[in-house]
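> Just dropping this structure here.
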Amino acid sequence: MTAEQAFLAEIGNAYLARAAAPDEQALRNWRPTGFAWPLLREMQSRVAGLKKRAAQVDGQRFVWLEGGNAQGTPVVLLHGFGASKENWLPLLPFLARRHRLFIPDLPGWGESHFRFGDAYGIDQQVARIAHWFGQHVPAGAHLVGSSMGGAIAGFIAARHPQLIGTLTLMNAAGVRGSQASEFEQGLMEGRNALVAHNVADVFRLFTIATERNRHLLAAMLGPVMSGMMVQRRHVNTHMFHQLVENPPQESLPGMTTVVAPTLVLWGEQDRVLHVSCADTYQQLIPHAQVKRLSGIGHLPMVEAPAVTARCLQRFWRAQAAAKTPSAHAA
């Protein structure tokens, strides 16, 4: 068993044995609603130059935001489970002046289409994102993935190294740490805190997913997002089952083959994925730098966007400087 499969084998299977199966009829009848979240759309409009774009990927409509500095180094931001491209909005003002930004809704999430009957495991999502990446994003992009998006980003770096310049794994899913998180303990008992079935669940989700200002964030964003999150409960349950039931293939390149400069960025107070997962990633990718953020939970870009931006830009500048020939070189 690879390190990337340990989470699914040890925790995911325990969850499947105890959790209720997705409601197939509800999934077949599900239709997206509630994407016009007034607060988030207002925030989006304030980020200079961002435009919504769409393309067909694997026969599905794939949506992303694109903007920022058209001459800057490209940056791709992949969101996590239960989230959407809007998760990155607090971070974008700190990056837009210098970088060309690409922020997708992963297939099956946000405004990108969900299609019952398709597989949404890590391998399938990696293939879809890599296809989009090759068609629409200039080579050498900085790739950043949060949580589930971090796992996808890591496998893209492993399997499609020509697409990216650097990799950042931000509180990334995909491996086990030496300690189980509050979320992982719940999974082993058949409870998934990332799937909200009612408004109270939405507020609990915010308090487990964040640390800094978590009660304020829950009070601000809960009323805006609760309708959409509860409406998606059947789809989110199905998508989690898909991740567990479709583990990465051992025959395909894994994290140990990543050659891109890598930053592992982790909030120390993460209740979803324990900070000890950062050590596992460093074992898999020995050249990776690890930066732990004190007082931050699972979503650094939401909880501390300025701090997160500084960490990213410091890492990117260092990699650019390392590539620049010395002035004294012959």
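Scheme for the structure tokens: letters A, B, ... for chains in order shown; per-chain residue numbers from 1; ligand numbers from 1 in order shown.
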If you count only C-alpha atoms, which residues fall within 12 Å of Pro223 in chain A, apart from same-chain ones fewer than 2 positions away, as a PyMOL selection string?
chain A and resi 37-39+198-203+206+216-221+225-230
> Can you pull out every residue from range 11-223 of chain A that DSSP, working from the backbone, puts in strand (DSSP E or B), and format the result as an mmCIF file with N, CA and C atoms, in the first residue's frame?

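The new file out-v4.cif reads:
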```cif
data_model
loop_
_atom_site.group_PDB
_atom_site.id
_atom_site.type_symbol
_atom_site.label_atom_id
_atom_site.label_comp_id
_atom_site.auth_asym_id
_atom_site.auth_seq_id
_atom_site.Cartn_x
_atom_site.Cartn_y
_atom_site.Cartn_z
ATOM 1 N N LYS A 51 -12.454 37.456 -15.080
ATOM 2 C CA LYS A 51 -13.563 37.144 -15.963
ATOM 3 C C LYS A 51 -13.872 35.651 -15.886
ATOM 4 N N LYS A 52 -15.155 35.336 -16.029
ATOM 5 C CA LYS A 52 -15.550 33.933 -16.029
ATOM 6 C C LYS A 52 -15.349 33.345 -17.423
ATOM 7 N N ARG A 53 -14.758 32.154 -17.464
ATOM 8 C CA ARG A 53 -14.564 31.454 -18.721
ATOM 9 C C ARG A 53 -15.095 30.032 -18.586
ATOM 10 N N ALA A 54 -15.364 29.399 -19.704
ATOM 11 C CA ALA A 54 -15.898 28.035 -19.693
ATOM 12 C C ALA A 54 -15.409 27.284 -20.912
ATOM 13 N N ALA A 55 -15.285 25.973 -20.759
ATOM 14 C CA ALA A 55 -14.886 25.092 -21.855
ATOM 15 C C ALA A 55 -15.464 23.708 -21.581
ATOM 16 N N GLN A 56 -15.412 22.846 -22.579
ATOM 17 C CA GLN A 56 -15.822 21.458 -22.417
ATOM 18 C C GLN A 56 -14.611 20.614 -22.024
ATOM 19 N N VAL A 57 -14.737 19.906 -20.932
ATOM 20 C CA VAL A 57 -13.693 18.992 -20.469
ATOM 21 C C VAL A 57 -14.353 17.657 -20.171
ATOM 22 N N GLN A 60 -18.077 17.676 -20.182
ATOM 23 C CA GLN A 60 -18.776 18.451 -19.167
ATOM 24 C C GLN A 60 -18.367 19.920 -19.258
ATOM 25 N N ARG A 61 -19.284 20.804 -18.874
ATOM 26 C CA ARG A 61 -18.956 22.229 -18.833
ATOM 27 C C ARG A 61 -18.037 22.498 -17.646
ATOM 28 N N PHE A 62 -16.924 23.121 -17.939
ATOM 29 C CA PHE A 62 -15.887 23.395 -16.944
ATOM 30 C C PHE A 62 -15.726 24.905 -16.866
ATOM 31 N N VAL A 63 -15.841 25.471 -15.652
ATOM 32 C CA VAL A 63 -15.879 26.921 -15.459
ATOM 33 C C VAL A 63 -14.686 27.357 -14.614
ATOM 34 N N TRP A 64 -14.099 28.491 -15.004
ATOM 35 C CA TRP A 64 -13.021 29.043 -14.184
ATOM 36 C C TRP A 64 -13.014 30.565 -14.269
ATOM 37 N N LEU A 65 -12.382 31.193 -13.281
ATOM 38 C CA LEU A 65 -12.112 32.619 -13.298
ATOM 39 C C LEU A 65 -10.695 32.838 -13.790
ATOM 40 N N GLU A 66 -10.519 33.888 -14.584
ATOM 41 C CA GLU A 66 -9.197 34.193 -15.125
ATOM 42 C C GLU A 66 -8.999 35.703 -15.091
ATOM 43 N N GLY A 67 -7.822 36.131 -14.702
ATOM 44 C CA GLY A 67 -7.579 37.563 -14.658
ATOM 45 C C GLY A 67 -6.266 37.884 -13.988
ATOM 46 N N GLY A 68 -6.170 39.104 -13.464
ATOM 47 C CA GLY A 68 -4.921 39.542 -12.868
ATOM 48 C C GLY A 68 -4.004 40.164 -13.907
ATOM 49 N N THR A 73 3.501 35.763 -14.189
ATOM 50 C CA THR A 73 3.606 34.307 -14.135
ATOM 51 C C THR A 73 2.243 33.719 -13.791
ATOM 52 N N PRO A 74 1.800 32.684 -14.522
ATOM 53 C CA PRO A 74 0.482 32.110 -14.224
ATOM 54 C C PRO A 74 0.450 31.379 -12.889
ATOM 55 N N VAL A 75 -0.693 31.477 -12.232
ATOM 56 C CA VAL A 75 -0.951 30.795 -10.967
ATOM 57 C C VAL A 75 -2.290 30.084 -11.085
ATOM 58 N N VAL A 76 -2.310 28.799 -10.761
ATOM 59 C CA VAL A 76 -3.537 28.001 -10.771
ATOM 60 C C VAL A 76 -3.871 27.614 -9.336
ATOM 61 N N LEU A 77 -5.109 27.878 -8.912
ATOM 62 C CA LEU A 77 -5.555 27.618 -7.548
ATOM 63 C C LEU A 77 -6.681 26.593 -7.571
ATOM 64 N N LEU A 78 -6.478 25.448 -6.914
ATOM 65 C CA LEU A 78 -7.463 24.365 -6.888
ATOM 66 C C LEU A 78 -8.087 24.269 -5.500
ATOM 67 N N HIS A 99 0.423 38.508 -10.889
ATOM 68 C CA HIS A 99 0.271 37.179 -11.474
ATOM 69 C C HIS A 99 -0.983 37.073 -12.326
ATOM 70 N N ARG A 100 -0.902 36.202 -13.304
ATOM 71 C CA ARG A 100 -2.063 35.858 -14.113
ATOM 72 C C ARG A 100 -2.763 34.683 -13.431
ATOM 73 N N LEU A 101 -3.994 34.853 -13.049
ATOM 74 C CA LEU A 101 -4.686 33.914 -12.173
ATOM 75 C C LEU A 101 -5.675 33.044 -12.939
ATOM 76 N N PHE A 102 -5.684 31.773 -12.581
ATOM 77 C CA PHE A 102 -6.627 30.797 -13.120
ATOM 78 C C PHE A 102 -7.235 30.058 -11.929
ATOM 79 N N ILE A 103 -8.542 30.230 -11.717
ATOM 80 C CA ILE A 103 -9.193 29.668 -10.529
ATOM 81 C C ILE A 103 -10.411 28.866 -10.972
ATOM 82 N N PRO A 104 -10.282 27.548 -11.111
ATOM 83 C CA PRO A 104 -11.409 26.750 -11.611
ATOM 84 C C PRO A 104 -12.331 26.234 -10.516
ATOM 85 N N ALA A 141 3.328 27.192 -14.787
ATOM 86 C CA ALA A 141 2.487 27.862 -13.790
ATOM 87 C C ALA A 141 2.832 27.413 -12.381
ATOM 88 N N HIS A 142 2.603 28.314 -11.422
ATOM 89 C CA HIS A 142 2.625 27.937 -10.014
ATOM 90 C C HIS A 142 1.288 27.248 -9.718
ATOM 91 N N LEU A 143 1.340 26.015 -9.259
ATOM 92 C CA LEU A 143 0.129 25.248 -8.967
ATOM 93 C C LEU A 143 -0.045 25.147 -7.462
ATOM 94 N N VAL A 144 -1.220 25.593 -6.973
ATOM 95 C CA VAL A 144 -1.525 25.588 -5.543
ATOM 96 C C VAL A 144 -2.815 24.809 -5.343
ATOM 97 N N GLY A 145 -2.806 23.837 -4.437
ATOM 98 C CA GLY A 145 -4.003 23.067 -4.156
ATOM 99 C C GLY A 145 -4.314 23.042 -2.678
ATOM 100 N N SER A 146 -5.579 23.288 -2.342
ATOM 101 C CA SER A 146 -6.051 23.258 -0.957
ATOM 102 C C SER A 146 -6.816 21.973 -0.712
ATOM 103 N N ILE A 164 3.864 22.467 -15.007
ATOM 104 C CA ILE A 164 3.972 23.376 -13.862
ATOM 105 C C ILE A 164 5.406 23.812 -13.601
ATOM 106 N N GLY A 165 5.506 24.937 -12.885
ATOM 107 C CA GLY A 165 6.810 25.417 -12.453
ATOM 108 C C GLY A 165 7.077 25.099 -11.003
ATOM 109 N N THR A 166 6.074 25.313 -10.134
ATOM 110 C CA THR A 166 6.190 24.974 -8.715
ATOM 111 C C THR A 166 4.879 24.362 -8.240
ATOM 112 N N LEU A 167 4.962 23.702 -7.100
ATOM 113 C CA LEU A 167 3.801 23.056 -6.477
ATOM 114 C C LEU A 167 3.692 23.537 -5.037
ATOM 115 N N THR A 168 2.479 23.907 -4.628
ATOM 116 C CA THR A 168 2.212 24.197 -3.217
ATOM 117 C C THR A 168 1.069 23.314 -2.748
ATOM 118 N N LEU A 169 1.314 22.549 -1.693
ATOM 119 C CA LEU A 169 0.315 21.691 -1.066
ATOM 120 C C LEU A 169 -0.144 22.389 0.210
ATOM 121 N N MET A 170 -1.365 22.909 0.183
ATOM 122 C CA MET A 170 -1.882 23.700 1.293
ATOM 123 C C MET A 170 -2.897 22.862 2.075
#
```
> Extract, using only C-alpha atoms, all DNA, RNA and protein residues at most 10 Å from range 16-31 of chain A, discarding same-chain residues fewer than 5 positions from it, and format them as a list in words.
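Close residues of range 16-31 of chain A: Leu8, Ile11, His113, Phe114, Arg115, Phe116, Gly117, Leu187, Met188, Glu189, Gly190, Arg191, Asn192, Gln231, Arg232, Arg233, His234, Val235, Asn236, Thr237, His238, Met239, Phe240, His241, Val244 and Glu245 of chain A.
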> Could the residues in this selection be saved with C-alpha atoms as an mmCIF file, in the first residue's frame?

```cif
data_model
loop_
_atom_site.group_PDB
_atom_site.id
_atom_site.type_symbol
_atom_site.label_atom_id
_atom_site.label_comp_id
_atom_site.auth_asym_id
_atom_site.auth_seq_id
_atom_site.Cartn_x
_atom_site.Cartn_y
_atom_site.Cartn_z
ATOM 1 C CA LEU A 8 -8.520 5.727 1.989
ATOM 2 C CA ILE A 11 -10.109 5.796 7.344
ATOM 3 C CA HIS A 113 -21.104 20.422 -14.251
ATOM 4 C CA PHE A 114 -21.827 17.372 -12.128
ATOM 5 C CA ARG A 115 -22.930 14.327 -14.100
ATOM 6 C CA PHE A 116 -24.316 11.311 -12.280
ATOM 7 C CA GLY A 117 -22.687 8.143 -13.582
ATOM 8 C CA LEU A 187 -15.208 9.526 9.638
ATOM 9 C CA MET A 188 -14.199 6.329 11.384
ATOM 10 C CA GLU A 189 -17.510 6.538 13.249
ATOM 11 C CA GLY A 190 -19.465 7.100 10.034
ATOM 12 C CA ARG A 191 -19.838 10.912 10.398
ATOM 13 C CA ASN A 192 -18.707 13.326 7.696
ATOM 14 C CA GLN A 231 -29.021 21.699 -1.280
ATOM 15 C CA ARG A 232 -25.837 19.908 -2.403
ATOM 16 C CA ARG A 233 -25.814 17.395 0.458
ATOM 17 C CA HIS A 234 -26.669 14.390 -1.718
ATOM 18 C CA VAL A 235 -24.056 15.326 -4.310
ATOM 19 C CA ASN A 236 -21.397 16.002 -1.673
ATOM 20 C CA THR A 237 -22.058 12.642 -0.006
ATOM 21 C CA HIS A 238 -21.748 10.960 -3.405
ATOM 22 C CA MET A 239 -18.533 12.842 -4.233
ATOM 23 C CA PHE A 240 -16.936 11.769 -0.964
ATOM 24 C CA HIS A 241 -17.866 8.149 -1.662
ATOM 25 C CA VAL A 244 -12.923 6.683 -1.315
ATOM 26 C CA GLU A 245 -14.182 4.108 -3.811
#
```
> Find the residues near range 259-266 of chain A: any atom within 8 Å, counting only C-alpha atoms, skip ones fewer than 4 places away on the same chain, and give them as a list in words.
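Selected residues are Ala157, Ala158, Pro161, Ile164, Gly165, Thr166, Leu167, Thr168, Leu169, Met170, Asn171, Asp270, Val275, Ala278, Tyr281, Gln282, Ile285, His287, Ala288, Gln289, Val290, Lys291, Arg292, Leu293, Gly297, His298, Pro300, Phe315 and Gln319 of chain A.
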> State, in Å with one decimal place, the distance from CA of Trp316 in chain A to CA of Gln125 in chain A.
25.6 Å
> Considering only C-alpha atoms, can you say which of A:Gln249, A:Thr210, A:Gln313, A:Thr324 comes closest to Gln269 in chain A?
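Of A:Gln249, A:Thr210, A:Gln313, A:Thr324, the one nearest Gln269 in chain A, counting only C-alpha atoms, is A:Thr210.
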> In Å, how far is it from CA of Ile129 in chain A to CA of Val307 in chain A?
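CA of Val307 in chain A lies at a distance of 27.3 Å from CA of Ile129 in chain A.
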